[in-house]
Amino acid sequence: MTLEEKIGQMNQLDPSWDAEPKEALIRQGKVGSIFNVVGVKQINRLQRMAVEETRLGIPLVVARDVIHGYRTIYPIPLGQGATWNPELVEQAAQLTAKEALSDGIRWAFSPMVDVAHDPRWGRVAEGYGEEPILTSAFGAATVKGYQSQGMAACVKHFAGYSASEGGRDYNTTWIPETQLRDIYLPPFKAAVDAGAMSVMCSFNALNGLPSSANHHLNVDILRDEWHSDALLVSDWGSGSDLVPHGLCADKKEAAERCINARMEMDMQGNIYTDYLAELIAEGKVKESQIDDCVRSILRLKYRLGLFDNPYVDEDKVIAYTPEALELATRVAEESAILLKNNGVLPLNVKHSTLNVLITGPLAHQKKEQLGTWVFDAQPEHSVTPLEAFQSLNAQRSTLNVIYEPGLTYSRDKNTDFSKVIAKAKQADVILYFCGEEAILSGEARCRADLNLPGAQRELMKALAATGKPVVMVVMAGRPLTIGAEVEQAAAVLYAFHGGTMAGPALCNIITGKTVPSGKTPITFPKMVGQVPLYYNRLNTGRPSYDPPMLIDSIPIGCPQFSIGQSSYWLETPTEPLFPFGFGLSYTTFEYGPTTYEKQASGAYEVTCTIKNTGSYDAYETAQLYSRQQSGSVARPICELKGFKKVFIPAGDSCTVTFTLTPEQLGYWHESWEPVRGSDIKAHRYYFATDNVPFTFRIAPHSLPAGIGF
Ligand code: NOJ
């Protein structure tokens, strides 16, 4: 290959705009990958240019933001996290790959495995929540699901992107190396171990160094420690962003920094095409560095079989199969979390006549229920909650559905609720579908206020004031601060954006055909000022053990005092609205004592028996938490070490057992040690388990009794 041809392979372009000059570049062999091109015919047309018109005929690899479905849309990844069921999500990834591949897509820009502690950050919707083990399981499942069908996964955003200051997208992150390795990197490692064929750099500066120029992340960790040969692609222009970051004086210097940090493919940045040849001529970059990158790109193309099969059959497009729609219903059912139920749910639609008012700005929004990052779904295929209830209404004379949206979209500020309140008075029960439109979460959609937007809070208040039981169903891209509304509601179901089949899934749960089993994959704060609030935090030396003195209980003229103080806010204690791992069912589960024993190998065997004491057969997710009593540094109040979603028929018991190796109890340590042969000292990081007592708890959620809350 000539140098020009090699550099061409490192160039990824979006020809959905400015198409003509970009197509000319494809014909000249100056493009290795394209993305955002829609339709198998169009993709084959561009592929022909690469294969038939260039000297070497190297096929393009076609990428797309396939995030939570292609045509059939599954719940947003945060909702998938709430299923605690990676096997189900793996099946969804398989069917997603089938649809995308049939339309010419070979490379999905997902899964996003950024562990997120901050619901203000819009991209919290795109990941699986706040927990490294949970995120690792879903990331690996998605990689396996896609790649088993022949579509490459791209695990992103490497790394630390989600810890952005203030929850504002693209913002700087400061993460100590030990925390990076304990919390943020494990899901990337799990995805790479599952065979992820590519990795995407993140936009943020991590500890001052943007990822595209971060040799430590891209080479020391990804290549040398993890031995990954995945292709490393930039994010959109993340290489040229080194100039506004304040790292490089110009784009040429940015190209030099990126190639020296082994960023292999440049997405829409044009810094490699514009400057690499010059940098080589000046001796600042070696051609062997380019060869390494091109080898990685060609390896991906070989792995996908593109050299044998560059084109896609134009007559075999797969979309919205019954199998996919059924699976989408199941995933949406498992992603819904029952947060409160005073007994109103499930609705009894079988016996006496039930008048149900369906209201709220998300009750009938075919596009909005799909959530963020949906490019290729046709919203007309979505089934909304209103439609699902109307079709049940058609089958059952005992159900009478009344519809009045009250608000037309989630930000609607119109407070004339007279029509909806008049209809509420005729109803026996009110189903209030509220939340956020899809565009309020996702990339660059961060919020400084986590309340329900528009006049939705006022509508909830007005509905509750009718005295009729209100079932609040929240369809949103993040946890919202809904404490006041939870108080007013008779029941609360948190559904996230549930995708194509959100309507039937929610209808099945509300009417008791399906028993809810979702559990929070992220802590729900009471107030935005509490964030970041996450379950595996340190306790501080002054946890808020006692009911703290809140702002209104401070006596006027209160003198300064210096004893007996603890860690909280004047407006709220540290406890969340709902802890990580929380979710109710229509049945009840009784957890027996957790027993554990240390074996000769150093491993612990941890066991608990769970009894279904209610009257519904149901799934329960048993969560194993460890607590390390002391350590070489302070240790978190608890850490998830495993989980099992088990089906327990009413009246039955189930024994769950986990085996924990010493390695699973280890964490990253930092020491400051002399560098051999010199008188300087350097940081050294190592992974180890402290030889101290541990306690274990198999529990229905993370909130540990008596610790810090
Ligand atoms: C920017 C986003 O950060 C990334 O997640 C996405 O895959 C690319 N744009 C391509 O659209």
# chains A, B, ... in the order shown; residues from 1 in each chain; ligands from 1

$ residues_near_ligand --ligand "ligand 1" --cutoff "10 Å" --atoms "only C-alpha atoms and all ligand atoms" --output "PyMOL selection string"
chain A and resi 14+35-36+63-67+108-112+123+126+154-157+161+169-170+200-203+234-238+267-268+373+442-444

$ residues_around --residues "A:Gly57" --least-positions-apart "4" --cutoff "12 Å" --atoms "only C-alpha atoms" --output "number ranges by chain"
A: 1, 5, 9, 26-32, 47-53, 306-308, 310

$ closest_residue --among "A:Lys519, A:Lys98, A:Arg295, A:Lys286" --to "A:Phe643" --atoms "only C-alpha atoms"
A:Lys519

$ closest_atom_pairs --of "stretch 305-357 of chain A" --to "stretch 572-594 of chain A" --cutoff "9 Å" --atoms "only C-alpha atoms" --output "CSV"
residue,atom,partner,partner_atom,distance
A:Ala336,CA,A:Gly583,CA,9.0
A:Ile337,CA,A:Gly583,CA,5.5
A:Leu338,CA,A:Leu584,CA,5.1
A:Leu339,CA,A:Gly583,CA,5.7
A:Lys340,CA,A:Leu584,CA,7.1
A:Asn341,CA,A:Leu584,CA,8.1
A:Gly343,CA,A:Tyr586,CA,8.7
A:Leu345,CA,A:Tyr586,CA,7.7
A:Pro346,CA,A:Tyr586,CA,7.5

$ closest_atom_pairs --of "stretch 502-597 of chain A" --to "stretch 618-640 of chain A" --cutoff "7 Å" --atoms "only C-alpha atoms" --output "JSON lines"
{"residue": "A:Val515", "atom": "CA", "partner": "A:Ala618", "partner_atom": "CA", "distance": 6.2}
{"residue": "A:Ser517", "atom": "CA", "partner": "A:Tyr619", "partner_atom": "CA", "distance": 5.9}
{"residue": "A:Asn536", "atom": "CA", "partner": "A:Pro636", "partner_atom": "CA", "distance": 5.4}
{"residue": "A:Arg537", "atom": "CA", "partner": "A:Pro636", "partner_atom": "CA", "distance": 5.1}
{"residue": "A:Leu538", "atom": "CA", "partner": "A:Pro636", "partner_atom": "CA", "distance": 4.3}
{"residue": "A:Asn539", "atom": "CA", "partner": "A:Ile637", "partner_atom": "CA", "distance": 5.8}

$ residues_around --residues "A:Thr83" --least-positions-apart "6" --cutoff "10 Å" --atoms "only C-alpha atoms" --output "PyMOL selection string"
chain A and resi 75+77+89+128+330-337+516-521+621+645

$ closest_residue --among "A:Lys189, A:His245, A:His227, A:Lys641" --to "A:Asn204" --atoms "only C-alpha atoms"
A:His245

$ residues_around --residues "A:Arg411" --least-positions-apart "4" --cutoff "9 Å" --atoms "only C-alpha atoms" --output "VMD selection string"
chain A and resid 361 407 436 to 437 452 to 456

$ write_last_selection --atoms "C-alpha atoms" --output "compact mmCIF listing (two decimals), in the first residue's frame"
# COMPACT_ATOMS: atom_id res chain seq x y z
CA PRO A 361 -48.04 13.83 27.56
CA LEU A 407 -50.60 18.14 28.17
CA GLU A 436 -39.42 13.43 29.25
CA GLU A 437 -39.54 13.57 25.48
CA LEU A 452 -40.68 16.62 35.57
CA PRO A 453 -40.56 19.36 32.92
CA GLY A 454 -43.37 21.69 31.82
CA ALA A 455 -46.59 21.67 33.82
CA GLN A 456 -46.44 17.93 34.56

$ select_by_dssp --residues "stretch 266-471 of chain A" --states "alpha helix (DSSP H)" --output "ChimeraX atom specification"
/A:271-281,287-303,322-335,385-395,418-426,456-465

$ write_last_selection --atoms "C-alpha atoms" --output "short mmCIF file (atom, residue, chain, number, x, y, z; two decimals), in the first residue's frame"
data_model
loop_
_atom_site.label_atom_id
_atom_site.label_comp_id
_atom_site.auth_asym_id
_atom_site.auth_seq_id
_atom_site.Cartn_x
_atom_site.Cartn_y
_atom_site.Cartn_z
CA ILE A 271 -6.53 15.56 10.81
CA TYR A 272 -4.90 12.37 9.54
CA THR A 273 -5.71 12.99 5.88
CA ASP A 274 -4.49 16.57 6.17
CA TYR A 275 -1.32 16.20 8.19
CA LEU A 276 0.02 12.66 8.57
CA ALA A 277 2.04 12.61 5.34
CA GLU A 278 3.65 15.92 6.27
CA LEU A 279 4.45 14.70 9.78
CA ILE A 280 6.12 11.61 8.33
CA ALA A 281 8.11 13.68 5.88
CA GLU A 287 5.56 5.10 8.90
CA SER A 288 5.60 1.98 11.07
CA GLN A 289 3.12 3.74 13.38
CA ILE A 290 0.79 4.15 10.43
CA ASP A 291 1.28 0.49 9.54
CA ASP A 292 0.19 -0.57 13.00
CA CYS A 293 -3.02 1.42 12.69
CA VAL A 294 -3.79 0.17 9.18
CA ARG A 295 -3.16 -3.41 10.28
CA SER A 296 -5.78 -2.92 12.96
CA ILE A 297 -8.29 -1.51 10.46
CA LEU A 298 -7.72 -4.28 7.92
CA ARG A 299 -7.97 -6.87 10.69
CA LEU A 300 -11.46 -5.59 11.52
CA LYS A 301 -12.44 -5.83 7.85
CA TYR A 302 -11.10 -9.39 7.60
CA ARG A 303 -12.85 -10.39 10.79
CA PRO A 322 -42.76 -11.15 15.34
CA GLU A 323 -39.78 -12.61 17.20
CA ALA A 324 -38.21 -9.15 17.63
CA LEU A 325 -41.49 -7.52 18.67
CA GLU A 326 -42.10 -10.24 21.23
CA LEU A 327 -38.60 -9.88 22.63
CA ALA A 328 -38.95 -6.08 22.70
CA THR A 329 -42.13 -6.51 24.76
CA ARG A 330 -40.36 -8.81 27.18
CA VAL A 331 -37.34 -6.52 27.62
CA ALA A 332 -39.65 -3.52 28.14
CA GLU A 333 -41.63 -5.49 30.74
CA GLU A 334 -38.48 -6.44 32.62
CA SER A 335 -37.12 -2.89 32.46
CA PRO A 385 -49.80 2.65 26.07
CA LEU A 386 -53.04 4.23 24.84
CA GLU A 387 -53.18 1.86 21.86
CA ALA A 388 -52.41 -1.15 24.04
CA PHE A 389 -55.21 -0.27 26.45
CA GLN A 390 -57.60 0.48 23.60
CA SER A 391 -56.98 -2.93 22.07
CA LEU A 392 -57.55 -4.57 25.46
CA ASN A 393 -60.70 -2.48 25.74
CA ALA A 394 -61.88 -3.95 22.44
CA GLN A 395 -61.47 -7.47 23.89
CA SER A 418 -60.34 21.58 32.98
CA LYS A 419 -60.96 18.92 30.27
CA VAL A 420 -58.80 16.26 31.83
CA ILE A 421 -60.09 16.90 35.34
CA ALA A 422 -63.69 16.60 34.13
CA LYS A 423 -62.84 13.20 32.64
CA ALA A 424 -60.87 12.19 35.74
CA LYS A 425 -64.05 12.59 37.75
CA GLN A 426 -65.73 9.90 35.60
CA GLN A 456 -46.44 17.93 34.56
CA ARG A 457 -45.98 18.43 38.29
CA GLU A 458 -49.01 20.69 38.38
CA LEU A 459 -51.04 18.16 36.39
CA MET A 460 -50.09 15.41 38.83
CA LYS A 461 -51.21 17.56 41.72
CA ALA A 462 -54.51 18.35 40.02
CA LEU A 463 -55.16 14.68 39.21
CA ALA A 464 -54.37 13.58 42.76
CA ALA A 465 -56.67 16.30 44.11
#

$ select_by_dssp --residues "stretch 209-252 of chain A" --states "strand (DSSP E or B)" --output "number ranges by chain"
A: 209-210, 231-233

$ write_last_selection --atoms "N, CA and C atoms" --output "PDB file, in the first residue's frame"
ATOM      1  N   LEU A 209      -5.805  15.249  30.277  1.00  0.00           N
ATOM      2  CA  LEU A 209      -5.351  14.745  28.983  1.00  0.00           C
ATOM      3  C   LEU A 209      -6.513  14.144  28.186  1.00  0.00           C
ATOM      4  N   PRO A 210      -6.915  14.804  27.082  1.00  0.00           N
ATOM      5  CA  PRO A 210      -8.009  14.252  26.274  1.00  0.00           C
ATOM      6  C   PRO A 210      -7.688  12.836  25.791  1.00  0.00           C
ATOM      7  N   LEU A 231      -9.818  -2.330  17.145  1.00  0.00           N
ATOM      8  CA  LEU A 231      -9.546  -1.075  16.448  1.00  0.00           C
ATOM      9  C   LEU A 231      -9.934   0.098  17.353  1.00  0.00           C
ATOM     10  N   LEU A 232      -9.065   1.096  17.447  1.00  0.00           N
ATOM     11  CA  LEU A 232      -9.382   2.265  18.270  1.00  0.00           C
ATOM     12  C   LEU A 232      -9.743   3.442  17.359  1.00  0.00           C
ATOM     13  N   VAL A 233     -11.009   3.821  17.406  1.00  0.00           N
ATOM     14  CA  VAL A 233     -11.495   4.919  16.568  1.00  0.00           C
ATOM     15  C   VAL A 233     -11.724   6.144  17.445  1.00  0.00           C
TER      16      VAL A 233
END

$ closest_residue --among "A:His68, A:Ile554, A:Pro119, A:Thr353" --to "A:Asp449" --atoms "only C-alpha atoms"
A:Pro119
